[in-house]
Amino acid sequence: MAGTKRINLALQGGGAHGAFTWGVLDRLLESDEIEIAGISGTSAGALNGAALKAGLARGGPEAARENLEWLWEQVGAITDPRMTPWLEAVAPSAMSGAIEASLPFALGDTVSRMVSPYAAGPFYTNPLRRIVERFHYDEVCGEPGPAFHICATNVRTGKIRVFTGDDIGPEAIMASACLPTLFKAVEIPDAATGRLEAYWDGGYTGNPALYPLFASELPGDVVVVNINPLYREEVPVTARAIQNRINEISFNASLLREMRAIDFVQRLLEEGTLAEGRMKRLRLHMIADDALMRQLSVATKLVATPQVLHQLRQAGRIAAEAFLEAHLGDIGTRSSIDLREMFA
């Protein structure tokens with residue numbers, strides 16, 4: 001499309017907090033000035049990415065918006081506009097605190113730390129299967145639409161595996177979202193090893209992986225939709241808050257590592273130390289709402305509630321609108337985040 005800004009999307013995982021990414025994508029899809037050329041997603045980002053890719057391949061932005069709405073309705077979102085006043089009546093921080101303080105959540109959290117998901121035996125089911133098996137994989141894996149990549153972590157090697165094209169199926173998406181304390185490792189045949197390989201959540205090694213978006217045919221602009229707070233002012237003191245912050249740090253570590261590497265290469269290009277053309281020039285952007293995410297906890301990642309899903313979607317739309325107003329002109333020209341300040 002003439003006059004559009006081509007971008008790649010890097011979609012983080014974060015359980016039900018991925019509804020924020022839903023809102024971001026919903027707003028970006030409304031813009032005639034944005035074309036999505038590539039997608040890399042992990043966990044909830046993989047689900048959002050699959051719905052986005054399939055919709056764009058089938059019928060363009062409107063079909064993608066419908067796909068995303070269907071996905072999150074399956075998770076628990078209520079999209080009836082008549083329910084908006086009720087959905088907005090409770091602050092997300094209050095809802096998060098109420099869930100975290102509830103006896104059922106406390107019991108479930110304790111059991112998940114003490115009992116392996118393998119203990120369920122023949123009664124075990126992955127709750128995502130009923131959703132991911134309903135995706136249209138001819139659209140998710142086909143040539144039309146953006147290039148699409150998802151990642152998972154190989155349990156045996158600890159290395160990242162990026163799935164793309166025909167490698168993407170229900171098992172790959174479930175693997176990308178497989179928290180090992182809640183779900184059995186997802187086993188997928190690996191042509192390279194000739195064996196079934198077991199996979200856990202991709203967030204441990206790539207949340208999401210950026211390097212698949214460096215392909216020469218893709219644009220140089222990568223928009224990261226970040227849903228795990230990079231910074232928290234308060235030092236956690238309760239056991240649950242400590243564990244939550246450990247998870248946030250570990251799930252951001254791989255992304256920050258790749259961003260540091262990008263900054264290093266871009267500096268070499270700017271200084272002339274690295275010859276022009278040896279490496280791709282990249283421009284990084286980020287859409288986030290750390291202030292909102294700091295009000296939430298692991299409780300609302302694991303327990304999808306209509307109120308929080310609605311408010312996260314609205315927050316995502318607002319954040320995307322603010323990004324378009326402030327930085328649409330930066331796309332194709334320069335990065336809109338200062339990596340050196342971020343890592344200082």
# chains A, B, ... in the order shown; residues from 1 in each chain; ligands from 1
call {"tool": "select_by_dssp", "arguments": {"residues": "stretch 48-287 of chain A", "states": "strand (DSSP E)", "output": "PyMOL selection string"}}
result
chain A and resi 147-154+160-164+186-190+195-201+221-225+283-287
call {"tool": "select_by_dssp", "arguments": {"residues": "stretch 52-181 of chain A", "states": "helix (DSSP H, G or I)", "output": "compact mmCIF listing (two decimals) with N, CA and C atoms, in the first residue's frame"}}
result
# COMPACT_ATOMS: atom_id res chain seq x y z
N LEU A 52 -3.88 -12.54 14.61
CA LEU A 52 -3.60 -11.40 13.74
C LEU A 52 -3.21 -11.86 12.34
N LYS A 53 -2.25 -12.80 12.27
CA LYS A 53 -1.76 -13.27 10.98
C LYS A 53 -2.89 -13.91 10.17
N ALA A 54 -3.68 -14.79 10.80
CA ALA A 54 -4.75 -15.48 10.09
C ALA A 54 -5.78 -14.49 9.55
N GLY A 55 -6.12 -13.49 10.37
CA GLY A 55 -7.10 -12.50 9.92
C GLY A 55 -6.60 -11.66 8.77
N LEU A 56 -5.35 -11.21 8.86
CA LEU A 56 -4.78 -10.41 7.78
C LEU A 56 -4.68 -11.22 6.49
N ALA A 57 -4.35 -12.51 6.63
CA ALA A 57 -4.23 -13.37 5.44
C ALA A 57 -5.59 -13.59 4.79
N ARG A 58 -6.63 -13.70 5.61
CA ARG A 58 -7.96 -14.03 5.08
C ARG A 58 -8.71 -12.82 4.55
N GLY A 59 -8.68 -11.71 5.30
CA GLY A 59 -9.55 -10.62 4.90
C GLY A 59 -9.07 -9.24 5.29
N PRO A 61 -7.37 -6.06 7.71
CA PRO A 61 -7.45 -5.57 9.09
C PRO A 61 -8.76 -5.88 9.81
N GLU A 62 -9.90 -5.76 9.14
CA GLU A 62 -11.17 -6.02 9.81
C GLU A 62 -11.28 -7.47 10.24
N ALA A 63 -10.86 -8.37 9.36
CA ALA A 63 -10.89 -9.79 9.72
C ALA A 63 -9.94 -10.07 10.87
N ALA A 64 -8.80 -9.39 10.90
CA ALA A 64 -7.85 -9.57 12.00
C ALA A 64 -8.44 -9.08 13.32
N ARG A 65 -9.13 -7.96 13.28
CA ARG A 65 -9.77 -7.44 14.50
C ARG A 65 -10.84 -8.42 15.00
N GLU A 66 -11.59 -8.99 14.08
CA GLU A 66 -12.61 -9.98 14.46
C GLU A 66 -11.97 -11.22 15.07
N ASN A 67 -10.86 -11.67 14.48
CA ASN A 67 -10.15 -12.83 15.02
C ASN A 67 -9.68 -12.59 16.44
N LEU A 68 -9.10 -11.41 16.67
CA LEU A 68 -8.59 -11.09 18.00
C LEU A 68 -9.73 -11.00 19.02
N GLU A 69 -10.85 -10.43 18.60
CA GLU A 69 -11.99 -10.35 19.51
C GLU A 69 -12.49 -11.76 19.85
N TRP A 70 -12.56 -12.63 18.85
CA TRP A 70 -12.97 -14.02 19.10
C TRP A 70 -12.02 -14.70 20.08
N LEU A 71 -10.71 -14.52 19.86
CA LEU A 71 -9.72 -15.15 20.73
C LEU A 71 -9.94 -14.76 22.18
N TRP A 72 -10.09 -13.47 22.43
CA TRP A 72 -10.19 -13.02 23.82
C TRP A 72 -11.56 -13.28 24.42
N GLU A 73 -12.58 -13.42 23.59
CA GLU A 73 -13.86 -13.90 24.12
C GLU A 73 -13.72 -15.32 24.63
N GLN A 74 -12.90 -16.14 23.95
CA GLN A 74 -12.64 -17.50 24.42
C GLN A 74 -11.91 -17.49 25.76
N VAL A 75 -11.04 -16.50 25.95
CA VAL A 75 -10.29 -16.40 27.20
C VAL A 75 -11.19 -15.92 28.34
N PRO A 81 -20.90 -3.78 24.35
CA PRO A 81 -20.71 -2.41 24.84
C PRO A 81 -21.68 -2.02 25.95
N ARG A 82 -22.80 -2.71 26.07
CA ARG A 82 -23.76 -2.40 27.13
C ARG A 82 -23.21 -2.74 28.51
N MET A 83 -22.18 -3.58 28.54
CA MET A 83 -21.59 -3.99 29.81
C MET A 83 -20.43 -3.10 30.24
N THR A 84 -20.08 -2.11 29.41
CA THR A 84 -18.90 -1.28 29.69
C THR A 84 -18.94 -0.61 31.07
N PRO A 85 -20.06 0.02 31.50
CA PRO A 85 -20.04 0.65 32.83
C PRO A 85 -19.72 -0.34 33.94
N TRP A 86 -20.26 -1.55 33.86
CA TRP A 86 -19.99 -2.55 34.89
C TRP A 86 -18.53 -2.99 34.84
N LEU A 87 -18.00 -3.17 33.62
CA LEU A 87 -16.64 -3.64 33.47
C LEU A 87 -15.63 -2.62 33.97
N PRO A 92 -8.46 -1.95 38.24
CA PRO A 92 -7.71 -3.19 38.03
C PRO A 92 -6.85 -3.58 39.22
N SER A 93 -6.30 -2.58 39.93
CA SER A 93 -5.46 -2.90 41.10
C SER A 93 -6.29 -3.56 42.20
N ALA A 94 -7.54 -3.10 42.38
CA ALA A 94 -8.41 -3.70 43.39
C ALA A 94 -8.78 -5.12 43.01
N MET A 95 -9.07 -5.33 41.73
CA MET A 95 -9.41 -6.67 41.27
C MET A 95 -8.22 -7.61 41.43
N SER A 96 -7.03 -7.12 41.07
CA SER A 96 -5.83 -7.94 41.20
C SER A 96 -5.59 -8.32 42.66
N GLY A 97 -5.74 -7.33 43.56
CA GLY A 97 -5.55 -7.60 44.98
C GLY A 97 -6.56 -8.57 45.54
N ALA A 98 -7.83 -8.45 45.08
CA ALA A 98 -8.88 -9.34 45.57
C ALA A 98 -8.62 -10.78 45.15
N ILE A 99 -8.20 -10.95 43.90
CA ILE A 99 -7.92 -12.32 43.41
C ILE A 99 -6.73 -12.89 44.16
N GLU A 100 -5.69 -12.08 44.33
CA GLU A 100 -4.48 -12.56 44.99
C GLU A 100 -4.74 -12.94 46.43
N ALA A 101 -5.68 -12.23 47.09
CA ALA A 101 -5.97 -12.49 48.50
C ALA A 101 -6.99 -13.60 48.69
N LEU A 103 -8.89 -17.20 48.84
CA LEU A 103 -8.46 -18.53 49.26
C LEU A 103 -8.25 -19.48 48.08
N PRO A 104 -9.15 -19.50 47.09
CA PRO A 104 -8.92 -20.41 45.95
C PRO A 104 -7.61 -20.14 45.22
N PHE A 105 -7.28 -18.84 45.02
CA PHE A 105 -6.03 -18.53 44.34
C PHE A 105 -4.83 -18.94 45.19
N ALA A 106 -4.90 -18.68 46.50
CA ALA A 106 -3.80 -19.04 47.39
C ALA A 106 -3.58 -20.55 47.40
N LEU A 107 -4.67 -21.31 47.43
CA LEU A 107 -4.55 -22.76 47.42
C LEU A 107 -3.98 -23.25 46.09
N GLY A 108 -4.49 -22.70 45.00
CA GLY A 108 -4.01 -23.10 43.67
C GLY A 108 -2.54 -22.76 43.49
N ASP A 109 -2.13 -21.59 43.98
CA ASP A 109 -0.74 -21.16 43.87
C ASP A 109 0.17 -22.09 44.66
N THR A 110 -0.27 -22.46 45.87
CA THR A 110 0.53 -23.36 46.71
C THR A 110 0.65 -24.73 46.07
N VAL A 111 -0.46 -25.25 45.56
CA VAL A 111 -0.44 -26.58 44.94
C VAL A 111 0.48 -26.60 43.72
N SER A 112 0.44 -25.51 42.92
CA SER A 112 1.25 -25.47 41.70
C SER A 112 2.75 -25.48 42.02
N ARG A 113 3.12 -25.02 43.21
CA ARG A 113 4.54 -25.00 43.60
C ARG A 113 4.98 -26.33 44.23
N MET A 114 4.00 -27.11 44.67
CA MET A 114 4.33 -28.33 45.39
C MET A 114 4.01 -29.60 44.61
N PRO A 117 2.48 -30.93 37.44
CA PRO A 117 1.32 -31.15 36.57
C PRO A 117 1.23 -32.58 36.06
N TYR A 118 2.34 -33.32 36.11
CA TYR A 118 2.33 -34.72 35.70
C TYR A 118 1.55 -35.59 36.69
N ALA A 119 1.33 -35.07 37.91
CA ALA A 119 0.60 -35.84 38.92
C ALA A 119 -0.87 -36.04 38.54
N ALA A 120 -1.37 -35.23 37.60
CA ALA A 120 -2.77 -35.36 37.19
C ALA A 120 -3.04 -36.62 36.39
N GLY A 121 -1.96 -37.23 35.87
CA GLY A 121 -2.10 -38.48 35.14
C GLY A 121 -3.04 -38.36 33.94
N PRO A 122 -3.95 -39.32 33.76
CA PRO A 122 -4.84 -39.31 32.59
C PRO A 122 -5.87 -38.20 32.61
N PHE A 123 -6.01 -37.51 33.74
CA PHE A 123 -7.00 -36.43 33.84
C PHE A 123 -6.45 -35.09 33.36
N ARG A 129 -5.72 -25.93 24.54
CA ARG A 129 -5.95 -26.76 23.35
C ARG A 129 -7.28 -26.44 22.68
N ARG A 130 -8.32 -26.23 23.49
CA ARG A 130 -9.65 -25.99 22.91
C ARG A 130 -9.67 -24.71 22.06
N ILE A 131 -8.75 -23.79 22.34
CA ILE A 131 -8.68 -22.55 21.57
C ILE A 131 -7.78 -22.72 20.36
N VAL A 132 -6.56 -23.20 20.59
CA VAL A 132 -5.59 -23.20 19.50
C VAL A 132 -5.94 -24.20 18.41
N TYR A 137 -4.98 -23.01 10.35
CA TYR A 137 -3.54 -23.05 10.17
C TYR A 137 -3.12 -22.88 8.71
N ASP A 138 -4.05 -23.06 7.78
CA ASP A 138 -3.71 -22.72 6.40
C ASP A 138 -3.47 -21.23 6.26
N GLU A 139 -4.13 -20.42 7.11
CA GLU A 139 -3.93 -18.97 7.12
C GLU A 139 -2.77 -18.58 8.03
N VAL A 140 -2.67 -19.23 9.19
CA VAL A 140 -1.58 -18.93 10.13
C VAL A 140 -0.22 -19.25 9.50
N GLY A 165 6.28 -20.80 9.54
CA GLY A 165 5.70 -21.53 8.42
C GLY A 165 4.94 -22.76 8.88
N ASP A 166 5.16 -23.89 8.17
CA ASP A 166 4.43 -25.11 8.47
C ASP A 166 4.78 -25.73 9.81
N ASP A 167 5.85 -25.26 10.45
CA ASP A 167 6.19 -25.76 11.79
C ASP A 167 5.19 -25.31 12.85
N PRO A 170 -0.98 -26.30 16.60
CA PRO A 170 -1.47 -26.19 17.98
C PRO A 170 -0.40 -26.48 19.03
N GLU A 171 0.42 -27.53 18.79
CA GLU A 171 1.45 -27.89 19.77
C GLU A 171 2.49 -26.79 19.92
N ALA A 172 2.87 -26.15 18.82
CA ALA A 172 3.89 -25.10 18.88
C ALA A 172 3.38 -23.91 19.70
N ILE A 173 2.13 -23.54 19.51
CA ILE A 173 1.58 -22.40 20.26
C ILE A 173 1.44 -22.77 21.74
N MET A 174 0.98 -24.00 22.03
CA MET A 174 0.89 -24.42 23.43
C MET A 174 2.28 -24.49 24.06
N ALA A 175 3.28 -24.91 23.29
CA ALA A 175 4.65 -24.95 23.81
C ALA A 175 5.12 -23.55 24.16
N SER A 176 4.82 -22.59 23.30
CA SER A 176 5.26 -21.21 23.53
C SER A 176 4.67 -20.63 24.81
call {"tool": "atom_distance", "arguments": {"atom1": "atom CA of A:Lys301", "atom2": "atom CA of A:Ile337"}}
result
26.5 Å
call {"tool": "residues_around", "arguments": {"residues": "stretch 230-235 of chain A", "least_positions_apart": "3", "cutoff": "10 Å", "atoms": "only C-alpha atoms", "output": "NGL selection string"}}
result
:A and (226-227 or 238 or 241-242 or 245 or 248-249 or 251-253 or 256 or 288 or 290-291 or 293-294 or 342)
call {"tool": "atom_distance", "arguments": {"atom1": "atom CA of A:Ala319", "atom2": "atom CA of A:Phe20"}}
result
9.1 Å
call {"tool": "atom_distance", "arguments": {"atom1": "atom CA of A:Gly220", "atom2": "atom CA of A:Leu284"}}
result
8.4 Å
